[in-house]
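Undergrad: Just one file: protein26.cif, with mmCIF, C-alpha atoms.
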data_query
loop_
_atom_site.label_atom_id
_atom_site.label_comp_id
_atom_site.auth_asym_id
_atom_site.auth_seq_id
_atom_site.Cartn_x
_atom_site.Cartn_y
_atom_site.Cartn_z
CA MET A 1 -29.13 -38.09 -7.21
CA ALA A 2 -29.10 -39.63 -3.74
CA PRO A 3 -26.11 -38.77 -1.55
CA THR A 4 -23.41 -41.41 -1.30
CA PRO A 5 -23.90 -43.38 1.91
CA ALA A 6 -21.25 -43.26 4.59
CA PRO A 7 -19.04 -46.28 5.32
CA VAL A 8 -21.01 -48.78 7.34
CA PRO A 9 -19.91 -49.02 11.00
CA THR A 10 -19.20 -52.49 12.31
CA ILE A 11 -22.44 -53.13 14.16
CA PRO A 12 -22.70 -56.66 15.60
CA ARG A 13 -25.41 -58.89 14.18
CA VAL A 14 -27.31 -61.89 15.47
CA SER A 15 -28.72 -64.70 13.37
CA LEU A 16 -32.44 -65.12 12.79
CA PRO A 17 -33.99 -67.93 10.73
CA GLY A 18 -34.34 -65.62 7.72
CA GLY A 19 -31.05 -63.74 7.96
CA ASP A 20 -28.86 -61.71 10.29
CA ILE A 21 -30.30 -58.67 12.08
CA PRO A 22 -28.06 -55.73 13.05
CA LEU A 23 -28.19 -55.26 16.82
CA LEU A 24 -28.66 -51.51 16.36
CA GLY A 25 -31.41 -49.99 14.25
CA LEU A 26 -33.44 -46.82 13.84
CA GLY A 27 -36.80 -46.80 15.60
CA THR A 28 -39.56 -44.69 14.05
CA TRP A 29 -42.29 -44.66 16.69
CA GLN A 30 -43.85 -41.16 16.81
CA SER A 31 -41.87 -40.13 13.71
CA GLU A 32 -44.40 -38.61 11.34
CA GLY A 33 -44.61 -37.23 7.82
CA ASP A 34 -41.51 -35.67 6.33
CA ASP A 35 -39.73 -35.98 9.69
CA ALA A 36 -39.93 -39.76 9.38
CA TYR A 37 -38.77 -39.67 5.77
CA ARG A 38 -35.81 -37.41 6.54
CA ALA A 39 -34.83 -39.41 9.63
CA VAL A 40 -34.74 -42.72 7.76
CA LEU A 41 -32.93 -41.22 4.77
CA HIS A 42 -30.33 -39.62 7.03
CA ALA A 43 -29.90 -42.83 9.02
CA LEU A 44 -29.24 -44.84 5.88
CA GLU A 45 -26.75 -42.27 4.67
CA ALA A 46 -25.05 -42.34 8.09
CA GLY A 47 -24.61 -46.10 8.00
CA TYR A 48 -27.68 -47.65 9.61
CA ARG A 49 -28.80 -50.86 7.97
CA HIS A 50 -31.80 -51.65 10.15
CA VAL A 51 -35.10 -49.72 10.25
CA ASP A 52 -38.07 -50.52 12.49
CA THR A 53 -41.60 -49.32 11.76
CA ALA A 54 -45.18 -50.54 12.27
CA THR A 55 -48.56 -50.29 10.64
CA GLY A 56 -49.72 -48.51 13.79
CA TYR A 57 -47.08 -45.79 13.42
CA GLY A 58 -48.74 -44.50 10.25
CA ASN A 59 -45.38 -43.81 8.60
CA GLN A 60 -44.71 -46.84 6.39
CA THR A 61 -45.15 -44.76 3.24
CA GLN A 62 -42.52 -42.27 4.43
CA VAL A 63 -40.16 -45.09 5.40
CA GLY A 64 -40.69 -46.66 1.99
CA ARG A 65 -39.98 -43.36 0.26
CA ALA A 66 -36.66 -43.08 2.09
CA LEU A 67 -35.75 -46.67 1.24
CA ALA A 68 -36.48 -45.98 -2.43
CA GLU A 69 -34.54 -42.72 -2.59
CA SER A 70 -31.53 -43.93 -0.63
CA ALA A 71 -28.40 -45.06 -2.47
CA VAL A 72 -28.35 -48.11 -0.17
CA PRO A 73 -29.70 -51.21 -1.94
CA ARG A 74 -32.91 -52.57 -0.45
CA ASP A 75 -31.33 -55.96 0.22
CA ASP A 76 -28.71 -54.29 2.41
CA VAL A 77 -31.36 -52.91 4.79
CA PHE A 78 -33.13 -55.00 7.45
CA VAL A 79 -36.75 -53.79 7.49
CA THR A 80 -39.18 -54.62 10.30
CA THR A 81 -42.86 -53.75 10.56
CA LYS A 82 -45.69 -54.95 12.77
CA LEU A 83 -49.30 -56.11 12.64
CA PRO A 84 -51.51 -54.10 15.03
CA PRO A 85 -53.79 -56.15 17.28
CA SER A 86 -56.80 -54.43 15.71
CA LYS A 87 -55.88 -56.14 12.42
CA ALA A 88 -55.67 -59.64 13.86
CA ASP A 89 -58.57 -60.72 11.65
CA ALA A 90 -57.11 -59.11 8.52
CA VAL A 91 -53.60 -60.51 8.56
CA ARG A 92 -53.01 -61.02 4.84
CA GLN A 93 -54.59 -57.71 3.85
CA THR A 94 -52.46 -55.85 6.39
CA LEU A 95 -49.28 -57.53 5.17
CA GLU A 96 -50.05 -56.63 1.57
CA GLU A 97 -50.70 -53.02 2.57
CA SER A 98 -47.39 -52.89 4.45
CA LEU A 99 -45.47 -54.27 1.48
CA GLU A 100 -47.12 -51.75 -0.84
CA GLN A 101 -46.49 -48.78 1.44
CA LEU A 102 -42.89 -49.79 2.08
CA GLY A 103 -42.33 -50.41 -1.63
CA THR A 104 -40.83 -53.85 -1.14
CA ASP A 105 -41.70 -57.42 -2.08
CA HIS A 106 -40.70 -58.82 1.29
CA LEU A 107 -40.15 -57.95 4.93
CA ASP A 108 -37.06 -58.99 6.83
CA LEU A 109 -39.07 -59.25 10.05
CA TRP A 110 -42.79 -59.08 10.76
CA LEU A 111 -44.06 -58.90 14.32
CA ILE A 112 -47.44 -59.19 16.04
CA HIS A 113 -47.33 -55.79 17.71
CA TRP A 114 -49.30 -56.67 20.85
CA PRO A 115 -51.20 -59.80 21.93
CA PRO A 116 -54.66 -59.18 20.40
CA ASP A 117 -57.09 -58.50 23.26
CA GLY A 118 -54.36 -59.78 25.55
CA ALA A 119 -54.42 -63.27 24.00
CA ALA A 120 -51.57 -65.11 22.28
CA ARG A 121 -53.75 -65.97 19.23
CA PRO A 122 -52.03 -69.02 17.72
CA ASP A 123 -54.39 -68.69 14.74
CA VAL A 124 -52.75 -65.36 13.86
CA TRP A 125 -49.33 -66.89 14.37
CA GLU A 126 -50.21 -69.68 11.93
CA GLN A 127 -50.83 -67.01 9.28
CA PHE A 128 -47.44 -65.47 10.06
CA VAL A 129 -45.82 -68.86 9.52
CA ALA A 130 -47.67 -69.20 6.20
CA ALA A 131 -46.49 -65.76 5.06
CA ARG A 132 -42.92 -66.69 5.91
CA ASP A 133 -43.20 -70.01 4.09
CA GLU A 134 -44.52 -68.13 1.07
CA GLY A 135 -41.46 -65.91 1.02
CA LEU A 136 -43.24 -62.64 1.82
CA VAL A 137 -41.48 -62.44 5.19
CA ARG A 138 -38.00 -63.75 6.02
CA SER A 139 -38.39 -63.96 9.81
CA ILE A 140 -41.42 -63.66 12.07
CA GLY A 141 -41.79 -62.69 15.69
CA VAL A 142 -43.86 -60.99 18.35
CA SER A 143 -43.81 -57.85 20.43
CA ASN A 144 -44.92 -57.35 24.02
CA TYR A 145 -45.55 -61.07 24.52
CA SER A 146 -44.90 -62.88 27.78
CA VAL A 147 -42.88 -66.09 27.93
CA ALA A 148 -46.10 -67.98 28.68
CA GLN A 149 -47.72 -66.56 25.54
CA ILE A 150 -44.67 -67.52 23.48
CA ASP A 151 -44.95 -71.04 24.87
CA GLU A 152 -48.60 -71.10 23.81
CA LEU A 153 -47.63 -70.26 20.22
CA VAL A 154 -44.96 -72.96 20.19
CA ALA A 155 -47.30 -75.55 21.68
CA ALA A 156 -49.91 -74.85 19.01
CA THR A 157 -47.66 -74.57 15.96
CA GLY A 158 -44.21 -75.93 16.77
CA GLU A 159 -42.80 -72.55 15.65
CA ALA A 160 -41.04 -70.21 18.06
CA PRO A 161 -40.91 -66.47 17.33
CA ALA A 162 -37.51 -65.30 16.10
CA ILE A 163 -37.79 -62.17 18.26
CA ASP A 164 -39.77 -60.76 21.16
CA GLN A 165 -39.63 -56.95 21.00
CA ILE A 166 -40.27 -55.57 24.48
CA PRO A 167 -39.59 -52.42 26.52
CA TRP A 168 -35.99 -52.82 27.61
CA SER A 169 -33.24 -50.84 29.26
CA PRO A 170 -30.76 -51.31 32.11
CA THR A 171 -33.60 -50.52 34.52
CA ASP A 172 -35.64 -53.38 33.02
CA TYR A 173 -32.81 -55.90 33.15
CA ASP A 174 -34.10 -59.30 34.30
CA ALA A 175 -31.61 -62.17 34.06
CA GLY A 176 -34.42 -64.71 34.40
CA LEU A 177 -36.29 -63.30 31.42
CA VAL A 178 -33.10 -63.14 29.36
CA ALA A 179 -32.41 -66.79 30.12
CA ALA A 180 -35.99 -67.87 29.40
CA LEU A 181 -35.99 -66.27 25.96
CA ARG A 182 -32.58 -67.68 25.11
CA GLU A 183 -33.66 -71.17 26.16
CA ARG A 184 -36.46 -70.87 23.61
CA GLY A 185 -34.22 -69.52 20.86
CA VAL A 186 -35.97 -66.13 20.95
CA VAL A 187 -33.85 -63.00 20.44
CA LEU A 188 -34.61 -60.13 22.81
CA GLU A 189 -35.19 -56.83 21.03
CA GLY A 190 -35.67 -53.76 23.21
CA TYR A 191 -37.45 -50.49 22.65
CA SER A 192 -37.43 -47.24 24.67
CA PRO A 193 -33.84 -47.76 25.85
CA PHE A 194 -33.35 -44.25 27.23
CA LYS A 195 -36.57 -42.94 28.72
CA ARG A 196 -36.91 -45.95 31.01
CA THR A 197 -33.45 -45.43 32.54
CA ASP A 198 -31.98 -42.81 34.88
CA LEU A 199 -29.23 -41.55 32.59
CA ASP A 200 -27.66 -39.75 35.56
CA ALA A 201 -27.16 -42.97 37.54
CA PRO A 202 -23.57 -43.07 38.87
CA ALA A 203 -22.86 -46.42 37.22
CA LEU A 204 -23.66 -44.90 33.83
CA THR A 205 -21.98 -41.53 34.33
CA GLU A 206 -18.79 -43.10 35.67
CA ILE A 207 -18.56 -45.66 32.88
CA ALA A 208 -19.33 -42.98 30.28
CA ALA A 209 -16.55 -40.75 31.65
CA ALA A 210 -14.09 -43.64 31.60
CA HIS A 211 -14.73 -44.20 27.89
CA GLY A 212 -15.21 -40.58 26.87
CA VAL A 213 -18.74 -41.17 25.62
CA SER A 214 -22.29 -40.20 26.64
CA THR A 215 -24.50 -42.19 28.97
CA THR A 216 -26.91 -42.90 26.10
CA GLN A 217 -24.01 -44.40 24.16
CA VAL A 218 -23.17 -46.55 27.19
CA VAL A 219 -26.77 -47.80 27.30
CA LEU A 220 -26.63 -48.77 23.63
CA ARG A 221 -23.25 -50.45 24.01
CA TRP A 222 -24.70 -52.41 26.96
CA HIS A 223 -27.36 -53.75 24.57
CA LEU A 224 -24.81 -54.71 21.94
CA ASP A 225 -22.39 -56.38 24.35
CA HIS A 226 -25.23 -58.47 25.77
CA GLY A 227 -26.53 -59.43 22.32
CA PHE A 228 -29.79 -57.47 22.72
CA VAL A 229 -31.23 -55.62 19.72
CA ALA A 230 -31.78 -51.87 20.30
CA ILE A 231 -33.88 -49.53 18.18
CA PRO A 232 -33.49 -45.99 19.59
CA LYS A 233 -35.82 -43.49 17.96
CA SER A 234 -34.94 -39.96 16.89
CA VAL A 235 -35.63 -37.56 14.06
CA ARG A 236 -32.65 -35.34 14.92
CA PRO A 237 -29.61 -35.98 12.70
CA ASP A 238 -27.16 -35.32 15.53
CA ARG A 239 -28.80 -37.87 17.81
CA ILE A 240 -29.17 -40.39 15.00
CA ASP A 241 -25.43 -40.06 14.37
CA ALA A 242 -24.51 -40.24 18.06
CA ASN A 243 -26.60 -43.38 18.57
CA LEU A 244 -24.67 -45.09 15.80
CA ASP A 245 -21.30 -43.97 17.14
CA VAL A 246 -20.89 -46.84 19.60
CA THR A 247 -18.35 -49.01 17.81
CA GLY A 248 -15.20 -47.42 19.26
CA PHE A 249 -15.50 -48.97 22.72
CA THR A 250 -16.79 -52.05 24.51
CA LEU A 251 -17.81 -52.73 28.08
CA ASP A 252 -15.94 -55.26 30.18
CA ALA A 253 -17.60 -57.83 32.42
CA ASP A 254 -17.41 -55.63 35.52
CA GLU A 255 -18.97 -52.68 33.71
CA LEU A 256 -21.76 -54.84 32.33
CA ALA A 257 -22.43 -56.20 35.82
CA ARG A 258 -22.64 -52.68 37.28
CA ILE A 259 -25.18 -51.70 34.64
CA ASP A 260 -27.13 -54.95 35.06
CA ALA A 261 -27.48 -54.08 38.74
CA LEU A 262 -29.65 -51.09 37.77
CA GLY A 263 -32.40 -53.59 36.95
CA VAL A 264 -35.36 -53.81 39.28
#
Step by step, read the file and then write its structure as structure tokens.
TA:
Amino acid sequence: MAPTPAPVPTIPRVSLPGGDIPLLGLGTWQSEGDDAYRAVLHALEAGYRHVDTATGYGNQTQVGRALAESAVPRDDVFVTTKLPPSKADAVRQTLEESLEQLGTDHLDLWLIHWPPDGAARPDVWEQFVAARDEGLVRSIGVSNYSVAQIDELVAATGEAPAIDQIPWSPTDYDAGLVAALRERGVVLEGYSPFKRTDLDAPALTEIAAAHGVSTTQVVLRWHLDHGFVAIPKSVRPDRIDANLDVTGFTLDADELARIDALGV
């Protein structure tokens, strides 16, 4: 019998066309084999309701196993996976393989992982729209796309991505990019929130001390308070738990501004 899941922390959500996405999820890049399975299962038991994977990660089967064995109903979990650029000419086949490996009849979010050969590929995007309209995917988006490439997709199809998943952290903060995505109705989802930031920066250490939390927790709270989606990756139960433990404090406008100023 699966362990009883913990009470779900109050993680903010943002609306996508196909449903609300929790602003904090578990990333699974570089999580392999049983480590990936155990990490996802533990995260669900701890209260996560958002899991991010990709065909290119090679762990969809392990993620699907954890989803199946968890006591958390599938419809309570927001599941994202991604189409690798190498599969740009096998879109439907790749989607069907993802659904089979994840053990689900739909995805909550499907992303084009990288622009194939550096190009926006509206023809691939058209197939994403078709999959969404068929009910196989609830929301569709892109990853590692520029604003110009997003505009190319919209110009060709009239459909904007729900999300652009990009490398993001306080060091990456760019108010112009944030505004450009918001003007287009595209939610910013960030990956690699910690390794791209100097976690010993005075702004972070001082704010962390003021709230009695870690600097990594401050970075995640910065994402949430700005309305950015964050998907920190770990296979360690203690870090998975700590990353979720960010609901007991918020950052005020001055603190957010100090952290924003770390951007280059």
Undergrad: With all atoms listed in the file as the counted atoms, please give the residues lying no more than 9 Å from region 90-106 of chain A, apart from itself and same-chain residues fewer than 6 positions off, as a PyMOL selection string.
TA: chain A and resi 54-55+59-65+67-68+74+79+81-84+124+127-128+131+135-138
Undergrad: The selected residues should be written to file as a PDB file, in the frame of the given file (atoms: C-alpha atoms).
TA:
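The result, written out as again.pdb:
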ATOM      1  CA  ALA A  54     -45.180 -50.540  12.270  1.00  0.00           C
ATOM      2  CA  THR A  55     -48.560 -50.290  10.640  1.00  0.00           C
ATOM      3  CA  ASN A  59     -45.380 -43.810   8.600  1.00  0.00           C
ATOM      4  CA  GLN A  60     -44.710 -46.840   6.390  1.00  0.00           C
ATOM      5  CA  THR A  61     -45.150 -44.760   3.240  1.00  0.00           C
ATOM      6  CA  GLN A  62     -42.520 -42.270   4.430  1.00  0.00           C
ATOM      7  CA  VAL A  63     -40.160 -45.090   5.400  1.00  0.00           C
ATOM      8  CA  GLY A  64     -40.690 -46.660   1.990  1.00  0.00           C
ATOM      9  CA  ARG A  65     -39.980 -43.360   0.260  1.00  0.00           C
ATOM     10  CA  LEU A  67     -35.750 -46.670   1.240  1.00  0.00           C
ATOM     11  CA  ALA A  68     -36.480 -45.980  -2.430  1.00  0.00           C
ATOM     12  CA  ARG A  74     -32.910 -52.570  -0.450  1.00  0.00           C
ATOM     13  CA  VAL A  79     -36.750 -53.790   7.490  1.00  0.00           C
ATOM     14  CA  THR A  81     -42.860 -53.750  10.560  1.00  0.00           C
ATOM     15  CA  LYS A  82     -45.690 -54.950  12.770  1.00  0.00           C
ATOM     16  CA  LEU A  83     -49.300 -56.110  12.640  1.00  0.00           C
ATOM     17  CA  PRO A  84     -51.510 -54.100  15.030  1.00  0.00           C
ATOM     18  CA  VAL A 124     -52.750 -65.360  13.860  1.00  0.00           C
ATOM     19  CA  GLN A 127     -50.830 -67.010   9.280  1.00  0.00           C
ATOM     20  CA  PHE A 128     -47.440 -65.470  10.060  1.00  0.00           C
ATOM     21  CA  ALA A 131     -46.490 -65.760   5.060  1.00  0.00           C
ATOM     22  CA  GLY A 135     -41.460 -65.910   1.020  1.00  0.00           C
ATOM     23  CA  LEU A 136     -43.240 -62.640   1.820  1.00  0.00           C
ATOM     24  CA  VAL A 137     -41.480 -62.440   5.190  1.00  0.00           C
ATOM     25  CA  ARG A 138     -38.000 -63.750   6.020  1.00  0.00           C
TER      26      ARG A 138
END
Undergrad: Sort by chain and increasing residue number a table of all residues of region 170-223 of chain A within 8 Å of region 242-258 of chain A, each with its closest pair of atoms and their distance in Å to one decimal, counting all atoms listed in the file, and write it as CSV.
TA:
residue,atom,partner,partner_atom,distance
A:Ala203,CA,A:Arg258,CA,6.3
A:Ile207,CA,A:Glu255,CA,7.1
A:His211,CA,A:Phe249,CA,7.1
A:Thr216,CA,A:Asn243,CA,7.6
A:Gln217,CA,A:Val246,CA,6.0
A:Val218,CA,A:Val246,CA,7.9
A:Leu220,CA,A:Val246,CA,7.3
A:Arg221,CA,A:Val246,CA,6.2
A:Trp222,CA,A:Leu256,CA,6.6
Undergrad: How far is it from CA of Leu41 (chain A) to CA of Ala66 (chain A), in Å with one decimal?
TA: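 CA of Ala66 (chain A) lies 5.0 Å from CA of Leu41 (chain A).
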Undergrad: With all atoms listed in the file counted and 12 Å as the cut-off, give the residues of region 63-118 of chain A in contact with region 147-150 of chain A, each with its shortest interatomic distance in Å and the pair that gives it, as a Markdown table.
TA:
| residue | atom | partner | partner_atom | distance |
| --- | --- | --- | --- | --- |
| A:Ile112 | CA | A:Ile150 | CA | 11.5 |
| A:Trp114 | CA | A:Gln149 | CA | 11.1 |
| A:Pro115 | CA | A:Gln149 | CA | 8.4 |
| A:Pro116 | CA | A:Gln149 | CA | 11.4 |
| A:Gly118 | CA | A:Gln149 | CA | 9.5 |
Undergrad: Hey, what's within 8 Å of Arg49 (chain A) if we count all atoms listed in the file and toss same-chain stuff fewer than 3 positions away? As a JSON list (two decimals) with C-alpha atoms, keeping the file's coordinate frame, please?
TA:
[["chain", "number", "residue", "atom", "x", "y", "z"],
["A", 22, "PRO", "CA", -28.06, -55.73, 13.05],
["A", 25, "GLY", "CA", -31.41, -49.99, 14.25],
["A", 44, "LEU", "CA", -29.24, -44.84, 5.88],
["A", 76, "ASP", "CA", -28.71, -54.29, 2.41],
["A", 77, "VAL", "CA", -31.36, -52.91, 4.79],
["A", 78, "PHE", "CA", -33.13, -55.00, 7.45]]
